[in-house]
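**Student:** Here you go, this is work.pdb (PDB, C-alpha atoms).
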ATOM      1  CA  MET A   1       0.000   0.000   0.000
ATOM      2  CA  GLU A   2       1.294   3.458  -0.927
ATOM      3  CA  TYR A   3       0.769   6.268   1.573
ATOM      4  CA  LEU A   4       0.345   9.975   0.909
ATOM      5  CA  ASP A   5       2.130  12.528   3.109
ATOM      6  CA  PHE A   6      -0.863  13.199   5.335
ATOM      7  CA  GLU A   7      -1.413   9.436   5.795
ATOM      8  CA  LEU A   8       1.988   8.839   7.438
ATOM      9  CA  PRO A   9       0.554   8.854  11.021
ATOM     10  CA  ILE A  10      -1.691   5.964   9.914
ATOM     11  CA  LYS A  11       1.297   4.083   8.476
ATOM     12  CA  GLU A  12       3.230   4.494  11.740
ATOM     13  CA  LEU A  13       0.358   3.074  13.802
ATOM     14  CA  GLU A  14      -0.129   0.190  11.363
ATOM     15  CA  ASP A  15       3.590  -0.621  11.657
ATOM     16  CA  GLN A  16       3.299  -0.529  15.456
ATOM     17  CA  LEU A  17       0.304  -2.852  15.330
ATOM     18  CA  ASP A  18       2.145  -5.303  13.058
ATOM     19  CA  LYS A  19       5.165  -5.353  15.397
ATOM     20  CA  CYS A  20       2.911  -5.857  18.416
ATOM     21  CA  LEU A  21       1.221  -8.842  16.740
ATOM     22  CA  VAL A  22       4.605 -10.350  15.813
ATOM     23  CA  ILE A  23       5.828 -10.043  19.422
ATOM     24  CA  GLY A  24       2.664 -11.796  20.609
ATOM     25  CA  GLN A  25       3.171 -14.650  18.139
ATOM     26  CA  GLU A  26       6.909 -15.117  18.750
ATOM     27  CA  SER A  27       6.947 -14.874  22.564
ATOM     28  CA  ASP A  28       4.930 -15.812  25.636
ATOM     29  CA  VAL A  29       4.163 -12.162  26.422
ATOM     30  CA  ASP A  30       0.462 -11.280  26.417
ATOM     31  CA  VAL A  31       0.180  -8.196  24.221
ATOM     32  CA  THR A  32      -3.592  -8.337  23.670
ATOM     33  CA  ASP A  33      -4.326  -5.155  25.598
ATOM     34  CA  THR A  34      -1.490  -3.259  23.919
ATOM     35  CA  CYS A  35      -2.650  -4.341  20.457
ATOM     36  CA  GLN A  36      -6.209  -3.299  21.260
ATOM     37  CA  GLN A  37      -5.008   0.118  22.389
ATOM     38  CA  ILE A  38      -3.001   0.604  19.184
ATOM     39  CA  LYS A  39      -5.942  -0.592  17.078
ATOM     40  CA  LYS A  40      -8.275   1.872  18.816
ATOM     41  CA  LYS A  41      -5.813   4.708  18.299
ATOM     42  CA  LEU A  42      -5.446   3.694  14.635
ATOM     43  CA  GLU A  43      -9.219   3.784  14.077
ATOM     44  CA  ASP A  44      -9.518   7.184  15.774
ATOM     45  CA  THR A  45      -6.617   8.578  13.727
ATOM     46  CA  GLN A  46      -8.117   7.302  10.461
ATOM     47  CA  LYS A  47     -11.502   8.856  11.255
ATOM     48  CA  TYR A  48      -9.948  12.174  12.241
ATOM     49  CA  ILE A  49      -7.713  12.429   9.153
ATOM     50  CA  TYR A  50     -10.279  11.377   6.559
ATOM     51  CA  LYS A  51     -13.122  13.424   8.046
ATOM     52  CA  ASN A  52     -11.004  16.596   8.021
ATOM     53  CA  LEU A  53      -9.367  16.480   4.603
ATOM     54  CA  THR A  54      -8.381  19.747   2.931
ATOM     55  CA  ALA A  55      -9.203  20.416  -0.730
ATOM     56  CA  TRP A  56      -5.599  19.661  -1.727
ATOM     57  CA  GLN A  57      -5.613  16.372   0.172
ATOM     58  CA  ARG A  58      -8.752  15.314  -1.710
ATOM     59  CA  VAL A  59      -6.984  16.189  -4.967
ATOM     60  CA  GLN A  60      -4.127  13.926  -3.864
ATOM     61  CA  LEU A  61      -6.556  11.093  -3.054
ATOM     62  CA  SER A  62      -8.207  11.450  -6.475
ATOM     63  CA  ARG A  63      -4.774  10.792  -8.027
ATOM     64  CA  HIS A  64      -3.809   7.899  -5.746
ATOM     65  CA  PRO A  65      -2.011   5.255  -7.854
ATOM     66  CA  ASN A  66      -4.116   2.481  -6.312
ATOM     67  CA  ARG A  67      -7.416   4.222  -6.997
ATOM     68  CA  PRO A  68      -9.738   2.319  -9.392
ATOM     69  CA  TYR A  69      -9.706   3.760 -12.912
ATOM     70  CA  THR A  70     -12.465   3.833 -15.517
ATOM     71  CA  LEU A  71     -11.818   0.306 -16.853
ATOM     72  CA  ASP A  72     -11.804  -1.038 -13.282
ATOM     73  CA  HIS A  73     -15.284   0.423 -12.793
ATOM     74  CA  ILE A  74     -16.481  -0.889 -16.166
ATOM     75  CA  ASN A  75     -15.186  -4.416 -15.517
ATOM     76  CA  ALA A  76     -16.774  -4.462 -12.050
ATOM     77  CA  LEU A  77     -20.104  -3.015 -13.219
ATOM     78  CA  CYS A  78     -20.479  -4.913 -16.499
ATOM     79  CA  GLY A  79     -18.459  -8.078 -16.023
ATOM     80  CA  ASP A  80     -17.994  -9.842 -19.363
ATOM     81  CA  THR A  81     -20.911  -7.984 -21.021
ATOM     82  CA  PHE A  82     -18.765  -4.975 -22.000
ATOM     83  CA  LEU A  83     -17.981  -4.708 -25.721
ATOM     84  CA  GLU A  84     -15.458  -1.986 -26.514
ATOM     85  CA  LEU A  85     -15.945  -0.007 -29.721
ATOM     86  CA  HIS A  86     -13.069   1.782 -31.433
ATOM     87  CA  GLY A  87     -12.272   4.741 -33.656
ATOM     88  CA  ASP A  88     -13.770   8.094 -34.614
ATOM     89  CA  ARG A  89     -14.172   7.094 -38.294
ATOM     90  CA  GLY A  90     -12.097  10.124 -39.232
ATOM     91  CA  PHE A  91      -8.527   9.937 -37.910
ATOM     92  CA  LYS A  92      -7.738   7.071 -35.501
ATOM     93  CA  ASP A  93      -8.646   5.308 -32.270
ATOM     94  CA  ASP A  94      -7.728   7.400 -29.214
ATOM     95  CA  LYS A  95      -6.508   5.082 -26.434
ATOM     96  CA  ALA A  96      -7.117   7.722 -23.726
ATOM     97  CA  MET A  97     -10.861   7.646 -24.443
ATOM     98  CA  ILE A  98     -12.614   4.306 -24.243
ATOM     99  CA  GLY A  99     -16.200   3.457 -25.039
ATOM    100  CA  GLY A 100     -18.539   0.618 -25.737
ATOM    101  CA  LEU A 101     -21.717  -1.218 -24.847
ATOM    102  CA  GLY A 102     -22.262  -2.949 -21.522
ATOM    103  CA  LYS A 103     -25.004  -4.105 -19.168
ATOM    104  CA  ILE A 104     -25.408  -2.845 -15.610
ATOM    105  CA  GLY A 105     -28.135  -4.485 -13.559
ATOM    106  CA  GLY A 106     -29.629  -5.964 -16.714
ATOM    107  CA  GLN A 107     -29.865  -2.552 -18.421
ATOM    108  CA  SER A 108     -27.786  -1.767 -21.504
ATOM    109  CA  PHE A 109     -25.647   1.393 -21.425
ATOM    110  CA  MET A 110     -23.317   3.086 -23.872
ATOM    111  CA  ILE A 111     -20.320   3.689 -21.598
ATOM    112  CA  ILE A 112     -17.608   6.231 -22.356
ATOM    113  CA  GLY A 113     -14.733   7.502 -20.233
ATOM    114  CA  GLN A 114     -11.084   8.454 -19.953
ATOM    115  CA  GLN A 115      -8.604   5.754 -19.000
ATOM    116  CA  LYS A 116      -5.255   6.321 -17.295
ATOM    117  CA  GLY A 117      -2.364   3.867 -17.170
ATOM    118  CA  TYR A 118      -1.073   1.732 -14.286
ATOM    119  CA  ASN A 119       2.658   1.973 -15.021
ATOM    120  CA  THR A 120       5.037   3.916 -17.270
ATOM    121  CA  LYS A 121       4.263   1.842 -20.372
ATOM    122  CA  THR A 122       0.471   1.944 -20.047
ATOM    123  CA  ARG A 123       0.494   5.620 -19.028
ATOM    124  CA  GLN A 124       2.216   6.453 -22.292
ATOM    125  CA  TYR A 125      -0.150   4.138 -24.185
ATOM    126  CA  ARG A 126      -3.176   5.889 -22.625
ATOM    127  CA  ASN A 127      -1.550   9.336 -22.931
ATOM    128  CA  PHE A 128      -2.047   9.822 -19.176
ATOM    129  CA  GLY A 129      -5.826   9.923 -19.656
ATOM    130  CA  MET A 130      -5.631  13.055 -21.851
ATOM    131  CA  ALA A 131      -7.735  12.644 -24.966
ATOM    132  CA  ASN A 132      -7.045  14.169 -28.378
ATOM    133  CA  PRO A 133      -9.815  15.531 -30.657
ATOM    134  CA  GLU A 134     -10.339  12.063 -32.131
ATOM    135  CA  GLY A 135     -11.138  10.806 -28.625
ATOM    136  CA  TYR A 136     -13.960  13.308 -28.210
ATOM    137  CA  ARG A 137     -15.170  12.571 -31.742
ATOM    138  CA  LYS A 138     -15.180   8.863 -30.942
ATOM    139  CA  ALA A 139     -17.204   9.584 -27.801
ATOM    140  CA  LEU A 140     -19.681  11.650 -29.830
ATOM    141  CA  ARG A 141     -19.991   8.907 -32.461
ATOM    142  CA  LEU A 142     -20.862   6.403 -29.741
ATOM    143  CA  MET A 143     -23.356   8.771 -28.086
ATOM    144  CA  LYS A 144     -25.131   9.347 -31.393
ATOM    145  CA  MET A 145     -25.215   5.583 -31.908
ATOM    146  CA  ALA A 146     -26.777   5.205 -28.455
ATOM    147  CA  GLU A 147     -29.372   7.838 -29.357
ATOM    148  CA  LYS A 148     -30.232   5.981 -32.565
ATOM    149  CA  PHE A 149     -30.991   2.771 -30.653
ATOM    150  CA  GLY A 150     -32.500   4.377 -27.532
ATOM    151  CA  ILE A 151     -29.673   3.309 -25.200
ATOM    152  CA  PRO A 152     -28.821   5.497 -22.157
ATOM    153  CA  VAL A 153     -25.307   6.937 -21.909
ATOM    154  CA  LEU A 154     -22.981   6.532 -18.923
ATOM    155  CA  SER A 155     -19.944   8.816 -18.799
ATOM    156  CA  LEU A 156     -17.054   8.093 -16.399
ATOM    157  CA  ILE A 157     -14.707  11.063 -15.996
ATOM    158  CA  ASP A 158     -11.074  10.787 -14.899
ATOM    159  CA  THR A 159      -8.705  13.147 -16.698
ATOM    160  CA  PRO A 160      -6.130  15.842 -15.883
ATOM    161  CA  GLY A 161      -7.438  17.636 -19.002
ATOM    162  CA  ALA A 162      -7.638  17.339 -22.758
ATOM    163  CA  PHE A 163      -4.246  16.834 -24.429
ATOM    164  CA  PRO A 164      -2.630  20.296 -24.873
ATOM    165  CA  GLY A 165      -0.195  19.345 -27.655
ATOM    166  CA  ILE A 166       0.116  21.398 -30.845
ATOM    167  CA  GLU A 167      -1.081  18.459 -32.969
ATOM    168  CA  ALA A 168      -4.296  18.310 -30.924
ATOM    169  CA  GLU A 169      -4.905  22.005 -31.548
ATOM    170  CA  GLU A 170      -4.179  21.541 -35.256
ATOM    171  CA  ARG A 171      -6.857  18.843 -35.454
ATOM    172  CA  GLY A 172      -9.450  21.028 -33.677
ATOM    173  CA  GLN A 173      -9.361  20.202 -29.956
ATOM    174  CA  GLY A 174     -11.534  23.179 -28.988
ATOM    175  CA  GLU A 175     -14.091  22.507 -31.716
ATOM    176  CA  ALA A 176     -14.340  18.823 -30.794
ATOM    177  CA  ILE A 177     -15.049  19.595 -27.126
ATOM    178  CA  ALA A 178     -17.503  22.381 -27.973
ATOM    179  CA  ARG A 179     -19.308  20.104 -30.442
ATOM    180  CA  ASN A 180     -19.660  17.401 -27.783
ATOM    181  CA  ILE A 181     -21.132  19.874 -25.289
ATOM    182  CA  ILE A 182     -23.812  21.130 -27.675
ATOM    183  CA  GLU A 183     -24.652  17.626 -28.915
ATOM    184  CA  MET A 184     -24.886  16.222 -25.376
ATOM    185  CA  ILE A 185     -27.220  19.034 -24.334
ATOM    186  CA  ARG A 186     -29.741  17.899 -26.955
ATOM    187  CA  LEU A 187     -29.102  14.142 -26.955
ATOM    188  CA  LYS A 188     -32.446  12.314 -26.800
ATOM    189  CA  VAL A 189     -31.482   9.595 -24.321
ATOM    190  CA  PRO A 190     -30.685   9.761 -20.574
ATOM    191  CA  ILE A 191     -27.085  10.734 -19.736
ATOM    192  CA  ILE A 192     -25.566   9.825 -16.365
ATOM    193  CA  VAL A 193     -22.138  11.274 -15.515
ATOM    194  CA  VAL A 194     -19.897   9.998 -12.712
ATOM    195  CA  ILE A 195     -16.605  11.687 -11.842
ATOM    196  CA  VAL A 196     -14.458   8.802 -10.590
ATOM    197  CA  GLY A 197     -11.112  10.632 -10.312
ATOM    198  CA  GLU A 198      -9.940  13.945 -11.697
ATOM    199  CA  GLY A 199     -12.382  16.197 -13.525
ATOM    200  CA  ALA A 200     -10.222  18.873 -15.090
ATOM    201  CA  SER A 201     -11.138  21.627 -17.503
ATOM    202  CA  GLY A 202     -12.633  21.072 -20.961
ATOM    203  CA  GLY A 203     -11.204  17.568 -20.944
ATOM    204  CA  ALA A 204     -13.914  16.649 -18.442
ATOM    205  CA  LEU A 205     -16.631  18.876 -19.909
ATOM    206  CA  GLY A 206     -16.244  17.213 -23.311
ATOM    207  CA  ILE A 207     -18.078  14.159 -21.931
ATOM    208  CA  GLY A 208     -19.526  15.817 -18.818
ATOM    209  CA  VAL A 209     -22.976  17.119 -19.752
ATOM    210  CA  GLY A 210     -25.623  14.945 -18.109
ATOM    211  CA  ASP A 211     -29.126  14.669 -16.671
ATOM    212  CA  ARG A 212     -27.554  13.333 -13.483
ATOM    213  CA  VAL A 213     -23.994  14.270 -12.516
ATOM    214  CA  TYR A 214     -22.431  12.482  -9.551
ATOM    215  CA  MET A 215     -19.008  12.839  -7.931
ATOM    216  CA  LEU A 216     -17.246  10.262  -5.824
ATOM    217  CA  GLU A 217     -16.463  11.791  -2.436
ATOM    218  CA  ASN A 218     -12.694  12.198  -2.931
ATOM    219  CA  THR A 219     -12.681  13.592  -6.458
ATOM    220  CA  TRP A 220     -12.456  17.112  -7.865
ATOM    221  CA  TYR A 221     -14.058  19.035 -10.719
ATOM    222  CA  SER A 222     -12.730  22.391 -11.890
ATOM    223  CA  VAL A 223     -11.898  24.598 -14.841
ATOM    224  CA  ILE A 224      -8.188  24.254 -14.004
ATOM    225  CA  SER A 225      -5.933  22.127 -11.812
ATOM    226  CA  PRO A 226      -4.553  23.640  -8.573
ATOM    227  CA  GLU A 227      -0.982  23.452  -9.916
ATOM    228  CA  SER A 228      -1.824  25.282 -13.141
ATOM    229  CA  CYS A 229      -3.848  27.877 -11.249
ATOM    230  CA  SER A 230      -0.916  28.431  -8.881
ATOM    231  CA  SER A 231       1.552  28.771 -11.754
ATOM    232  CA  ILE A 232      -0.648  31.388 -13.478
ATOM    233  CA  LEU A 233      -1.476  33.496 -10.415
ATOM    234  CA  TRP A 234       1.741  33.125  -8.391
ATOM    235  CA  LYS A 235       4.200  32.072 -11.140
ATOM    236  CA  SER A 236       4.988  28.990  -9.044
ATOM    237  CA  TRP A 237       3.472  25.606  -8.109
ATOM    238  CA  ASP A 238       4.233  26.275  -4.441
ATOM    239  CA  TYR A 239       0.785  27.774  -3.842
ATOM    240  CA  LYS A 240      -1.205  24.802  -5.128
ATOM    241  CA  GLU A 241      -2.820  24.199  -1.719
ATOM    242  CA  GLN A 242      -4.118  27.780  -1.581
ATOM    243  CA  ALA A 243      -5.317  27.440  -5.181
ATOM    244  CA  ALA A 244      -7.184  24.221  -4.367
ATOM    245  CA  GLU A 245      -9.061  25.959  -1.527
ATOM    246  CA  ALA A 246      -9.863  29.005  -3.646
ATOM    247  CA  LEU A 247     -11.121  26.986  -6.643
ATOM    248  CA  LYS A 248     -13.882  25.287  -4.591
ATOM    249  CA  LEU A 249     -13.314  22.083  -6.531
ATOM    250  CA  THR A 250     -14.277  19.337  -4.051
ATOM    251  CA  SER A 251     -17.470  17.288  -4.251
ATOM    252  CA  SER A 252     -19.009  19.143  -1.284
ATOM    253  CA  ASP A 253     -18.201  22.507  -2.911
ATOM    254  CA  MET A 254     -19.771  21.381  -6.180
ATOM    255  CA  LYS A 255     -22.908  20.186  -4.385
ATOM    256  CA  LYS A 256     -23.262  23.493  -2.517
ATOM    257  CA  GLN A 257     -23.004  25.390  -5.790
ATOM    258  CA  LYS A 258     -25.611  23.070  -7.360
ATOM    259  CA  LEU A 259     -23.247  22.075 -10.151
ATOM    260  CA  ILE A 260     -23.673  18.359  -9.438
ATOM    261  CA  ASP A 261     -26.675  16.320  -8.311
ATOM    262  CA  ASP A 262     -25.189  14.165  -5.566
ATOM    263  CA  ILE A 263     -22.026  12.886  -3.869
ATOM    264  CA  ILE A 264     -21.239   9.159  -3.914
ATOM    265  CA  PRO A 265     -19.725   8.218  -0.526
ATOM    266  CA  GLU A 266     -16.408   6.355  -0.441
ATOM    267  CA  PRO A 267     -15.121   3.864   2.149
ATOM    268  CA  LEU A 268     -12.983   5.326   4.949
ATOM    269  CA  GLY A 269      -9.573   6.025   3.440
ATOM    270  CA  GLY A 270     -10.780   6.339  -0.143
ATOM    271  CA  ALA A 271     -12.103   4.180  -2.981
ATOM    272  CA  HIS A 272      -8.872   2.146  -3.166
ATOM    273  CA  PHE A 273      -9.247   0.890   0.426
ATOM    274  CA  ASP A 274     -12.398  -1.094  -0.411
ATOM    275  CA  ARG A 275     -12.935  -1.351  -4.150
ATOM    276  CA  GLU A 276     -15.864  -3.773  -3.979
ATOM    277  CA  THR A 277     -17.897  -1.481  -1.742
ATOM    278  CA  THR A 278     -17.051   1.465  -4.012
ATOM    279  CA  PHE A 279     -18.206  -0.391  -7.140
ATOM    280  CA  LYS A 280     -21.485  -1.434  -5.495
ATOM    281  CA  THR A 281     -22.182   2.111  -4.329
ATOM    282  CA  VAL A 282     -21.449   3.545  -7.780
ATOM    283  CA  GLU A 283     -23.801   0.998  -9.359
ATOM    284  CA  LYS A 284     -26.525   1.922  -6.882
ATOM    285  CA  TYR A 285     -26.310   5.609  -7.819
ATOM    286  CA  ILE A 286     -26.193   4.870 -11.557
ATOM    287  CA  MET A 287     -29.337   2.759 -11.395
ATOM    288  CA  LYS A 288     -31.044   5.300  -9.112
ATOM    289  CA  GLY A 289     -30.382   8.029 -11.675
ATOM    290  CA  PHE A 290     -31.515   5.869 -14.572
ATOM    291  CA  ASN A 291     -34.764   4.904 -12.834
ATOM    292  CA  GLU A 292     -35.524   8.595 -12.279
ATOM    293  CA  LEU A 293     -35.057   9.337 -15.979
ATOM    294  CA  LYS A 294     -36.251   6.263 -17.873
ATOM    295  CA  ASP A 295     -39.942   7.200 -18.029
ATOM    296  CA  LEU A 296     -39.421  10.769 -19.271
ATOM    297  CA  SER A 297     -40.248  11.560 -22.887
ATOM    298  CA  THR A 298     -37.408  12.781 -25.106
ATOM    299  CA  GLN A 299     -38.923  16.282 -25.067
ATOM    300  CA  GLU A 300     -39.053  16.347 -21.251
ATOM    301  CA  LEU A 301     -35.548  14.906 -20.995
ATOM    302  CA  VAL A 302     -33.936  17.519 -23.250
ATOM    303  CA  ALA A 303     -35.986  20.385 -21.777
ATOM    304  CA  GLN A 304     -34.987  19.459 -18.218
ATOM    305  CA  ARG A 305     -31.331  19.123 -19.203
ATOM    306  CA  MET A 306     -31.297  22.516 -20.931
ATOM    307  CA  ASP A 307     -33.069  24.105 -17.971
ATOM    308  CA  LYS A 308     -30.577  22.512 -15.555
ATOM    309  CA  TYR A 309     -27.553  23.990 -17.318
ATOM    310  CA  SER A 310     -29.130  27.372 -18.081
ATOM    311  CA  LYS A 311     -29.565  27.909 -14.323
ATOM    312  CA  MET A 312     -25.858  27.433 -13.580
ATOM    313  CA  GLY A 313     -23.837  30.531 -12.814
ATOM    314  CA  GLU A 314     -24.889  34.152 -12.548
ATOM    315  CA  TYR A 315     -25.322  36.553 -15.429
ATOM    316  CA  LYS A 316     -27.133  39.725 -16.518
ATOM    317  CA  GLU A 317     -28.665  40.338 -19.907
TER     318      GLU A 317
END
Before we go any further, please render this structure as C-alpha cells.

**Tutor:**
Amino acid sequence: MEYLDFELPIKELEDQLDKCLVIGQESDVDVTDTCQQIKKKLEDTQKYIYKNLTAWQRVQLSRHPNRPYTLDHINALCGDTFLELHGDRGFKDDKAMIGGLGKIGGQSFMIIGQQKGYNTKTRQYRNFGMANPEGYRKALRLMKMAEKFGIPVLSLIDTPGAFPGIEAEERGQGEAIARNIIEMIRLKVPIIVVIVGEGASGGALGIGVGDRVYMLENTWYSVISPESCSSILWKSWDYKEQAAEALKLTSSDMKKQKLIDDIIPEPLGGAHFDRETTFKTVEKYIMKGFNELKDLSTQELVAQRMDKYSKMGEYKE
C-alpha cells in the first residue's frame, strides 16, 4: 500500500500494530491489551484524518495510484458484457478515451470515459488519460449511436485535461469539445455522468454534460488544476494548496453550488481501500439516476437538461 504525506501517522500506527502482533506470536508475552489500544488509536486517527481532509488532500486522493480507474469500474459493473468499440471514423482510435456497450443491472448502457495507465508503459499508451480531438469525436460517435438505438449513456470522468499538444490544436481540440457539449445538451437519451477521479477543464466537460452528474467523495471538478492555477497566479506551483481551496473544486463545494446532483460516498480512506464497496455504491447511484429518468419523454428529458444547465452561474442580460 502506498501512503500519501498526510497518511503517514496511519502508516506508523499500522507498523506498530504489526510489530505488536509479531511479538505476541513469537513470545509468551500477552500483548492483547497493547494491540487493542493501538488498534483503537489507529481507528480514531483514520476517522480524524479522513473526516477533516483539505481540498488539496482530496486532490491527492483522487490521483492515488491504487485508486480504481475507468476500466476497473467498467469491468466491475459490467463483467464480461462490456464490448469496446473503437475509432472516430475520421482519424484514428484514441486510447485515452474508451467506449462501448455494456449491461449494468440488466440494463444496456453506452459507456464512455477516460482511461489512465497503471505503469510507465500503459500511461504512455493511454496518454495519461488526456484525450485528443479524435477521442472526443469517438465519444460523440458512440453517443449518437446510443441515441439511434435508444440506449442510455454513462460517462465516467477521470482526466487531468484534454491533451494540450500542438497536434491536438491543429486537429481542432476546442471545436471537438464544444461540439460534444452542444450535442450532449440535446441528446435524446438519458445521460448519467460519474466523476471517478480527476475532472479537469474542458477535458472533463467534453463528456460531462448529463441529466444526473455524480461525484465520488474524494474527487475534484474544476476549470483548471490547482498546480496550473498556482503557476498562473503566483508564477509557481508552491501555492497549489491555496489554489485548491480558492477553486472550490471538491465534491461538497460542487454540491453546494448546485453544479452536481449528488455525492457518492467512499469507504474510509478512499475508494482504493475497499474497491468492492465502491463499485457497489457507484452501481446503486447509476441505477437510481436511470430509474428517475427512464420514463421521461425525449422532449421532457432535453428540456430538463437545458433548464438545468441554463440555471448554472450568474449573469445579466

**Student:** What does the distance from CA of Val209 (chain A) to CA of Ser297 (chain A) come to in Å, to one decimal?

**Tutor:**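 It comes out at 18.4 Å.
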
**Student:** Report as a VMD selection string all protein, DNA and RNA residues lying within 12 Å of region 183-189 of chain A, evaluated on all atoms listed in the file, omitting residues in the same chain fewer than 4 positions from it.

**Tutor:** chain A and resid 109 to 110 136 to 137 139 to 155 175 to 179 193 205 to 211 290 293 to 310

**Student:** Report, in Å to a single decimal, how far apart CA of Thr122 (chain A) and CA of Phe163 (chain A) are.

**Tutor:**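 Value for the CA of Phe163 (chain A)-CA of Thr122 (chain A) distance: 16.2 Å.
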
**Student:** So how far away is CA of Ser225 (chain A) from CA of Gly100 (chain A), in Å?

**Tutor:**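 If I compute the distance from CA of Gly100 (chain A) to CA of Ser225 (chain A), I get 28.6 Å.
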
**Student:** Give me the residues near Gly106 (chain A) as a PDB file with C-alpha atoms, in the coordinates of the input, where near means some atom within 12 Å (using all atoms listed in the file) and where sequence neighbours in that chain fewer than 6 positions away do not count.

**Tutor:**
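File part05.pdb, as written:
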ATOM      1  CA  LEU A  77     -20.104  -3.015 -13.219  1.00  0.00           C
ATOM      2  CA  CYS A  78     -20.479  -4.913 -16.499  1.00  0.00           C
ATOM      3  CA  GLY A  79     -18.459  -8.078 -16.023  1.00  0.00           C
ATOM      4  CA  THR A  81     -20.911  -7.984 -21.021  1.00  0.00           C
ATOM      5  CA  GLU A 283     -23.801   0.998  -9.359  1.00  0.00           C
ATOM      6  CA  MET A 287     -29.337   2.759 -11.395  1.00  0.00           C
TER       7      MET A 287
END

**Student:** To verify the selection step, state as a count of residues only which residues the PyMOL selection byres ((chain A and resi 60) around 12) yields on this input.

**Tutor:** 32

**Student:** Skip region 158-162 of chain A itself and residues of its chain fewer than 4 positions away, then list as a PyMOL selection string all residues within 7 Å of it, counting all atoms listed in the file.

**Tutor:** chain A and resi 114-115+129-132+195-204

**Student:** Fewer than 4 positions away in the same chain doesn't count, so skip those; otherwise give me all residues within 12 Å of Gln36 (chain A), counting only C-alpha atoms, as a PyMOL selection string.

**Tutor:** chain A and resi 13+16-18+20-21+30-32+40-43

**Student:** Have a look at A:Tyr69, A:Phe279, A:Tyr50, A:Trp237 and name the one nearest to Tyr118 (chain A); count only C-alpha atoms.

**Tutor:**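 Comparing A:Tyr69, A:Phe279, A:Tyr50, A:Trp237 against Tyr118 (chain A), the winner is A:Tyr69.
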
**Student:** Under the PyMOL selection byres ((chain A and resi 262) around 12), which residues of this model are included? Write them out as a PDB file with C-alpha atoms, in the frame of the given file.

**Tutor:**
ATOM      1  CA  ILE A 192     -25.566   9.825 -16.365  1.00  0.00           C
ATOM      2  CA  VAL A 193     -22.138  11.274 -15.515  1.00  0.00           C
ATOM      3  CA  VAL A 194     -19.897   9.998 -12.712  1.00  0.00           C
ATOM      4  CA  ILE A 195     -16.605  11.687 -11.842  1.00  0.00           C
ATOM      5  CA  ASP A 211     -29.126  14.669 -16.671  1.00  0.00           C
ATOM      6  CA  ARG A 212     -27.554  13.333 -13.483  1.00  0.00           C
ATOM      7  CA  VAL A 213     -23.994  14.270 -12.516  1.00  0.00           C
ATOM      8  CA  TYR A 214     -22.431  12.482  -9.551  1.00  0.00           C
ATOM      9  CA  MET A 215     -19.008  12.839  -7.931  1.00  0.00           C
ATOM     10  CA  LEU A 216     -17.246  10.262  -5.824  1.00  0.00           C
ATOM     11  CA  GLU A 217     -16.463  11.791  -2.436  1.00  0.00           C
ATOM     12  CA  SER A 251     -17.470  17.288  -4.251  1.00  0.00           C
ATOM     13  CA  SER A 252     -19.009  19.143  -1.284  1.00  0.00           C
ATOM     14  CA  ASP A 253     -18.201  22.507  -2.911  1.00  0.00           C
ATOM     15  CA  MET A 254     -19.771  21.381  -6.180  1.00  0.00           C
ATOM     16  CA  LYS A 255     -22.908  20.186  -4.385  1.00  0.00           C
ATOM     17  CA  LYS A 256     -23.262  23.493  -2.517  1.00  0.00           C
ATOM     18  CA  GLN A 257     -23.004  25.390  -5.790  1.00  0.00           C
ATOM     19  CA  LYS A 258     -25.611  23.070  -7.360  1.00  0.00           C
ATOM     20  CA  LEU A 259     -23.247  22.075 -10.151  1.00  0.00           C
ATOM     21  CA  ILE A 260     -23.673  18.359  -9.438  1.00  0.00           C
ATOM     22  CA  ASP A 261     -26.675  16.320  -8.311  1.00  0.00           C
ATOM     23  CA  ILE A 263     -22.026  12.886  -3.869  1.00  0.00           C
ATOM     24  CA  ILE A 264     -21.239   9.159  -3.914  1.00  0.00           C
ATOM     25  CA  PRO A 265     -19.725   8.218  -0.526  1.00  0.00           C
ATOM     26  CA  VAL A 282     -21.449   3.545  -7.780  1.00  0.00           C
ATOM     27  CA  TYR A 285     -26.310   5.609  -7.819  1.00  0.00           C
ATOM     28  CA  ILE A 286     -26.193   4.870 -11.557  1.00  0.00           C
ATOM     29  CA  LYS A 288     -31.044   5.300  -9.112  1.00  0.00           C
ATOM     30  CA  GLY A 289     -30.382   8.029 -11.675  1.00  0.00           C
TER      31      GLY A 289
END

**Student:** Using only the atoms of region 132-139 of chain A listed in the file, plus 5 Å on each side, state the axis-aligned box centre and edge lengths in Å rounded to one decimal, as AutoDock Vina command-line options.

**Tutor:**
--center_x -12.1 --center_y 12.2 --center_z -30.0 --size_x 20.2 --size_y 16.7 --size_z 14.3

**Student:** Which of these residues is nearest to Ile23 (chain A), using all atoms listed in the file: A:Cys35, A:Glu266, A:Glu134, A:Arg171?

**Tutor:**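 Among the listed residues, A:Cys35 lies closest to Ile23 (chain A).
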
**Student:** Using all atoms listed in the file, which residue out of A:Lys138, A:Lys95, A:His73, A:Lys11 lies closest to Arg275 (chain A)?

**Tutor:**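 Of A:Lys138, A:Lys95, A:His73, A:Lys11, the one nearest Arg275 (chain A) is A:His73, counting all atoms listed in the file.
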
**Student:** Which neighbours of Leu83 (chain A) fall inside 9 Å, counting all atoms listed in the file, when residues of the same chain fewer than 4 positions from it are skipped, and could you give them as a ChimeraX atom specification?

**Tutor:** /A:99-102
